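A.B. asks: First the structure, then my questions, so here it is.
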Amino acid sequence: MRFFDPHIHCSSRTTDDLAAMAEAGIRAVIEPAFWLGQPRTTLGAFTDYFSSILGWERFRASQFGISHYCTIGLNSKEANDEGLAREVLEILPSYALKEGVVAIGEIGYDEITPAEERAYEAQLNFAAENDMVVMVHSPHRDKKRGIQRSIDVAINCGIPMNKLVIDHNNEETVKDVLDSGAWAAFTIYPHTKMGSARMCEVVKQYGPDRIIVDSSADWGISDPLAVPRTGALMLEKGIDPEIVRLTTWQNAIDAYAQSGQIDVEALEGSLEVDQRELFGDSSILRGQEPRVDTPVIN
Amino acid sequence: MGTLDESDPGKASTCAEVDVEQIGKFFCALLDGRLSPSAAEYVDQAAAEIIAGVDLKRMGMLFALASRHARDRVLLDPSEEELTLAAKLVPGWNPERWGLLETLRARLWFARQDLDQASCVEAVEALFAHADEGECRALYRILPLLPDGLRFQWRMQEGCRTNIVTVFEAVACDNPYPARHFEDVGWRQMAIKALFLGSPLWRVHGLDGRLDEELARMALDLVEERSSAGRPIPADLWLCVGPFEQSRALPLIAREVDHGTEEGRCAGILALGRALQEGRLEALIRAQDPLLSPWAQAAQDGDCSQAAFSRLPGREAPNQ
């Protein structure tokens with residue numbers, strides 16, 4: 001099978017991870033802009049980060065046959081440093097309309113402060129003006145209330161619900177999100193947000209419509225293979241393969257291809273990797289035998 | 001990071017004579033019939049906006065938004081006539097492998113009214129500050145078409161410092177700029193780096209005209225390094241040797257002809273031709289080896305320029 005992981009922070013993963021992801025059938029990923037585990041202190045740190053997920057990370061992923069897209073945005077935690085946040089919002093248009101940027105994100109609430117709300121609204125307005133999809137990070141604390149507020153504010157800013165993806169859902173929030181008409185994404189974290197087994201139950205109860213599975217793998221304890229593992233568990237539990245395909249591949253494409261920035265035709269075709277052509281030892285392959293003409297296992 | 005001296009100041013005048021108006025018209029003609037109606041509409045609107053005058057931020061947004069209207073993987077696929085015209089407009093310019101999106105971006109760039117002014121350089125740097133991979137490729141292919149090429153010497157050499165192979169090749173391959181404007185250190189580094197990245201050195205425009213002792217020495221050092229490590233020698237490496245460093249080069253070439261891969265053996269024979277080793281080629285022709293003798297004959301006939309390397313066994317046809 002092939003998988004789309006629409007939320008993974010590749011810049012904090014190794015080439016071993018990328019190789020394992022390709023072997024497991026992951027054909028495409030979205031790397032949302034987020035925080036780096038500690039707050040940035042300068043605008044330059046943001047711009048270099050945005051350039052990295054638009055450039056080097058895309059190139060790195062491509063070497064393993066993985067199509068790499070990204071989202072651009074100011075995350076909720078760092079929105080609370082208001083001076084810097086204003087500077088970041090000012091330069092955001094220079095990155096948000098690039099090739100392969102499939103959404104504004106991940107944006108939303110952390111502590112649900114007025115500063116977070118100002119940054120959230122400014123970015124929603126930009127997304128609405130430029131006909132973009134929005135990826136919303138839902139808060140860890142006061143999640144249910146935070147998600148409801150995220151949806152209400154997005155509606156006020158004129159975001160159509162079919163262009164709103166609410167991420168990090170759980171059993172308690174999924175109904176509200178689906179009822180609103182937005183997409184409900186689920187992050188499979190080993191011990192916290194959502195487990196594979198729980199995910200199977202959610203899909204059994206709510207069906208596949210507008211439900212998306214992702215890994216959100218980052219610099220913390222997380223699993224870059226969460227999507228294929230969850231897909232395998234769904235099949236093992238007797239869930240219809242079509243439901244697995246929709247929730248681990250097609251729904252993500254349907255949601256984010258609305259950006260006009262996913263080459264669906266190319267993604268559907270089989271991409272063969274030729275590292276012999278693309279690689280040398282001053283890039284990422286360092287002298288090992290290149291993997292030639294090995295199609296990604298589907 | 002200051003501008004380095006041009007090795008031959010006389011060359012700069014050639015570049016100053018580019019006719020930006022004709023090149024701009026050429027880009028319009030290239031896009032005619034190749035874009036969807038909505039993409040054509042975008043190009044017209046964006047170009048009109050640029051002609052009227054846009055700030056740096058807006059220029060960047062228009063450049064970025066082009067990606068909604070042409071897919072990166074779609075090639076321009078120019079006709080023979082178009083390729084001929086391109087080379088006439090700017091000697092050495094070869095858009096054979098350009099993408100449609102790059103062409104669209106070039107069209108927008110040539111809508112600027114300040115191409116020969118300092119504000120144009122400022123705009124180039126402003127775009128590079130936020131450029132993604134596709135935009136970098138487009139810019140590195142556009143800059144050689146602008147007047148007063150030396151203004152972009154640092155920027156173009158900076159392009160060779162990337163490890164993103166597609167961006168490196170936008171500078172190094174099918175591009176008239178490096179041979180014309182790179183100073184010697186940057187030029188040689190680019191040639192050797194192409195070998196490391198596995199980029200086709202034979203597609204470096206003007207390579208044969210800028211070989212020297214130092215580049216040959218660097219290439220032969222690399223032969224020894226690879227041999228010690230038991231690793232194969234890139235066939236294009238022999239392009240760097242030419243008629244130089246013969247006391248070191250000839251035994252290494254002979255070893256490649258005897259023991260290299262099929263591609264390497266044939267490349268070694270071309271290297272013998274480039275080193276003007278008529279006697280050795282004659283012996284190889286007389287040996288009537290089905291693989292090697294035809295290559296020796298070609299080399300003896302003078303067909304051992306960089307273009308000949310495009311035909312080595314296992315390589316794509318030059319027009320693909």
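By order of appearance in the structure tokens: chains A, B, ..., then residues from 1 within every chain, and ligands from 1 in the order shown.
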Each residue of chain B lying at most 9 Å from chain A should get a row with its shortest atom-to-atom pair and the distance in Å to one decimal, counting only C-alpha atoms; could you produce that, ordered by chain and increasing number, as CSV?
C.D. replies:
```
residue,atom,partner,partner_atom,distance
B:Lys57,CA,A:Ser94,CA,6.6
B:Arg58,CA,A:Ser94,CA,8.5
B:Gly60,CA,A:Ser94,CA,6.3
B:Met61,CA,A:Ser94,CA,6.2
B:Leu62,CA,A:Leu97,CA,8.9
B:Phe63,CA,A:Lys98,CA,8.5
B:Ala64,CA,A:Lys98,CA,4.8
B:Leu65,CA,A:Leu97,CA,5.8
B:Ala66,CA,A:Glu99,CA,8.3
B:Ser67,CA,A:Glu99,CA,5.1
B:Arg68,CA,A:Gly260,CA,6.0
B:His69,CA,A:Gly260,CA,8.7
B:Arg71,CA,A:Asp263,CA,7.4
B:Asp72,CA,A:Glu99,CA,8.7
B:Arg73,CA,A:Ala266,CA,8.7
B:Leu127,CA,A:Ser94,CA,8.9
B:Ala129,CA,A:Ser51,CA,8.6
B:His130,CA,A:Ser94,CA,6.5
B:Ala131,CA,A:Ser51,CA,7.3
B:Asp132,CA,A:Gly55,CA,5.5
B:Glu133,CA,A:Gly55,CA,5.3
B:Gly134,CA,A:Glu99,CA,7.7
B:Glu135,CA,A:Glu99,CA,8.8
B:Thr162,CA,A:Ser283,CA,9.0
B:Asn163,CA,A:Ser283,CA,5.3
B:Ile164,CA,A:Phe59,CA,6.5
B:Val165,CA,A:Leu278,CA,6.4
B:Thr166,CA,A:Leu278,CA,8.1
B:Lys193,CA,A:Ser282,CA,8.3
B:Leu195,CA,A:Gly280,CA,8.2
B:Phe196,CA,A:Gly280,CA,5.3
B:Leu197,CA,A:Gly280,CA,4.1
B:Gly198,CA,A:Gly280,CA,5.8
B:Ser199,CA,A:Glu277,CA,7.5
B:Arg231,CA,A:Gly287,CA,8.7
```
A.B. asks: Env of segment 294-298 of chain B: 10 Å cut, atoms = only C-alpha atoms, seq-sep filter 5 positions within chain, self excluded. Answer as a ChimeraX atom specification.
C.D. replies: /B:265-270,272-273,278,280-286,288-289,303-304,308,312
A.B. asks: Those selected residues, please, written with C-alpha atoms and delivered as a CSV table (one decimal), in the first residue's frame.
C.D. replies:
```csv
chain,number,residue,atom,x,y,z
B,265,ARG,CA,37.3,2.6,-21.4
B,266,CYS,CA,35.6,4.6,-24.1
B,267,ALA,CA,36.0,7.8,-22.2
B,268,GLY,CA,39.7,7.0,-21.8
B,269,ILE,CA,40.0,6.7,-25.6
B,270,LEU,CA,38.4,10.1,-26.0
B,272,LEU,CA,43.8,10.0,-25.6
B,273,GLY,CA,42.4,12.0,-28.5
B,278,GLU,CA,47.9,9.7,-32.3
B,280,ARG,CA,48.2,5.1,-29.3
B,281,LEU,CA,45.0,5.7,-31.1
B,282,GLU,CA,46.4,4.1,-34.2
B,283,ALA,CA,47.3,1.0,-32.3
B,284,LEU,CA,43.8,0.8,-30.8
B,285,ILE,CA,42.3,1.2,-34.3
B,286,ARG,CA,44.6,-1.7,-35.7
B,288,GLN,CA,40.0,-4.1,-34.4
B,289,ASP,CA,38.3,-4.3,-31.0
B,303,ASP,CA,35.6,13.7,-32.8
B,304,CYS,CA,36.6,13.9,-29.1
B,308,ALA,CA,31.4,13.3,-27.9
B,312,LEU,CA,29.3,7.2,-24.2
```
A.B. asks: Within segment 125-232 of chain A, find each residue whose DSSP state, derived from the backbone, is alpha helix (DSSP H), and express the selection as a PyMOL selection string.
C.D. replies: chain A and resi 125-129+143-156+174-180+196-206+226-232
A.B. asks: Between atom CA of His140 of chain A and atom CA of Trp183 of chain A, what is the distance in Å, rounded to a tenth?
C.D. replies: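 Distance reported for this atom pair: 18.6 Å.
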A.B. asks: Would you mind reading off the distance between atom CA of Ala249 of chain B and atom CA of Glu262 of chain B, one decimal, in Å?
C.D. replies: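 Rounded to one decimal, the two atoms are 19.4 Å apart.
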A.B. asks: For Val134 of chain A, please output as a PyMOL selection string all residues within 8 Å (counting only C-alpha atoms; exclusion window: fewer than 3 positions along the same chain).
C.D. replies: chain A and resi 103-107+124+127+163-165
A.B. asks: Enter the distance from atom CA of Asp176 of chain A to atom CA of Arg145 of chain A, in Å, rounded to one decimal.
C.D. replies: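 Result for atom CA of Asp176 of chain A versus atom CA of Arg145 of chain A: 10.3 Å, one decimal.
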A.B. asks: Considering only C-alpha atoms, can you say which of B:Leu85, B:Leu239, B:Ile233, B:Ala118 comes closest to Leu215 of chain B?
C.D. replies: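 When distances to Leu215 of chain B are compared using only C-alpha atoms, the smallest one comes from B:Leu239.
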A.B. asks: Between B:Glu245, B:Ala170, B:Glu96, B:Gln45, single out the one closest to Thr84 of chain B, counting only C-alpha atoms.
C.D. replies: B:Glu96
A.B. asks: Write out as JSON, numbers by chain each polymer residue whose atoms come within 9 Å of Asn75 of chain A, counting only C-alpha atoms; drop sequence neighbours fewer than 2 positions from it.
C.D. replies: {"A": [33, 34, 35, 73, 77, 78, 79, 105, 106, 107, 108, 109, 110, 116, 119, 120, 137]}
A.B. asks: Write out the residues from the selection above, keeping N, CA and C atoms, as a tab-separated table (two decimals), in the first residue's frame.
C.D. replies:
```tsv
chain	number	residue	atom	x	y	z
A	33	ALA	N	5.01	24.16	9.13
A	33	ALA	CA	5.90	25.03	9.91
A	33	ALA	C	5.42	25.02	11.36
A	34	PHE	N	6.34	24.85	12.29
A	34	PHE	CA	5.95	24.84	13.71
A	34	PHE	C	7.06	25.44	14.54
A	35	TRP	N	7.07	25.17	15.84
A	35	TRP	CA	8.18	25.68	16.67
A	35	TRP	C	9.25	24.63	16.78
A	73	GLY	N	3.48	29.17	8.34
A	73	GLY	CA	2.66	29.89	9.30
A	73	GLY	C	3.44	30.21	10.56
A	77	LYS	N	2.39	29.06	19.91
A	77	LYS	CA	3.27	29.34	21.05
A	77	LYS	C	4.05	30.62	20.82
A	78	GLU	N	4.70	30.73	19.68
A	78	GLU	CA	5.57	31.87	19.41
A	78	GLU	C	4.78	33.13	19.06
A	79	ALA	N	3.48	32.97	18.83
A	79	ALA	CA	2.63	34.16	18.62
A	79	ALA	C	2.60	35.03	19.88
A	105	GLY	N	-0.28	27.16	7.95
A	105	GLY	CA	-0.33	26.29	9.13
A	105	GLY	C	1.05	26.03	9.68
A	106	GLU	N	1.14	25.27	10.78
A	106	GLU	CA	0.03	24.99	11.62
A	106	GLU	C	-0.18	26.17	12.55
A	107	ILE	N	-1.41	26.68	12.53
A	107	ILE	CA	-1.71	27.87	13.32
A	107	ILE	C	-2.87	27.54	14.26
A	108	GLY	N	-3.19	28.46	15.16
A	108	GLY	CA	-4.30	28.20	16.08
A	108	GLY	C	-3.97	28.66	17.48
A	109	TYR	N	-4.36	27.84	18.46
A	109	TYR	CA	-4.22	28.23	19.86
A	109	TYR	C	-3.31	27.28	20.62
A	110	ASP	N	-2.61	27.85	21.60
A	110	ASP	CA	-1.89	27.05	22.59
A	110	ASP	C	-2.50	27.32	23.96
A	116	GLU	N	-2.33	35.18	20.73
A	116	GLU	CA	-2.50	34.04	19.82
A	116	GLU	C	-3.65	34.29	18.86
A	119	ALA	N	-2.70	36.73	16.01
A	119	ALA	CA	-1.88	36.10	14.97
A	119	ALA	C	-2.71	35.12	14.14
A	120	TYR	N	-3.58	34.39	14.84
A	120	TYR	CA	-4.45	33.42	14.16
A	120	TYR	C	-5.35	34.14	13.15
A	137	HIS	N	-3.62	23.70	14.38
A	137	HIS	CA	-3.09	22.91	15.50
A	137	HIS	C	-4.03	23.12	16.67
```
A.B. asks: Near segment 208-217 of chain A, within 6 Å and counting only C-alpha atoms, which residues show up once chain neighbours fewer than 5 positions away are dropped, as a list in words?
C.D. replies: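 What passes the distance filter is Asp5, Pro6, His7, Ile8, His9, Trp183, Ala184, Ala185, Phe186, Thr187, Ile188, Ser222, Asp223, Pro224, Ala226, Val227, Ile243, Thr247 and Thr248 of chain A.
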A.B. asks: Near segment 200-202 of chain B, counting only C-alpha atoms, which residues have an atom at most 10 Å away, once you skip same-chain residues fewer than 3 positions from it, shown as an MDAnalysis selection string?
C.D. replies: (chainID A and resid 277) or (chainID B and resid 169 172:174 190:195 197 205:208 234:240 305:310)
A.B. asks: Could you name the residues that touch Pro78 of chain B at 9 Å or less, counting only C-alpha atoms, but leaving out those on the same chain fewer than 3 positions away, as a list in words?
C.D. replies: Leu30, Leu75, Glu81, Glu82, Leu83, Pro95, Glu96, Arg97 and Trp98 of chain B
A.B. asks: Could you pull out the residues in segment 128-297 of chain A that DSSP calls strand (DSSP E) from the backbone, as a list of chain:residue names?
C.D. replies: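 Matching residues, listed in order: A:Val134, A:Met135, A:Val136, A:His137, A:Leu164, A:Val165, A:Ile166, A:Asp167, A:Trp183, A:Ala184, A:Ala185, A:Phe186, A:Thr187, A:Ile211, A:Ile212, A:Val213, A:Asp214, A:Glu272, A:Val273, A:Asp274, A:Val292, A:Asp293, A:Thr294, A:Pro295.
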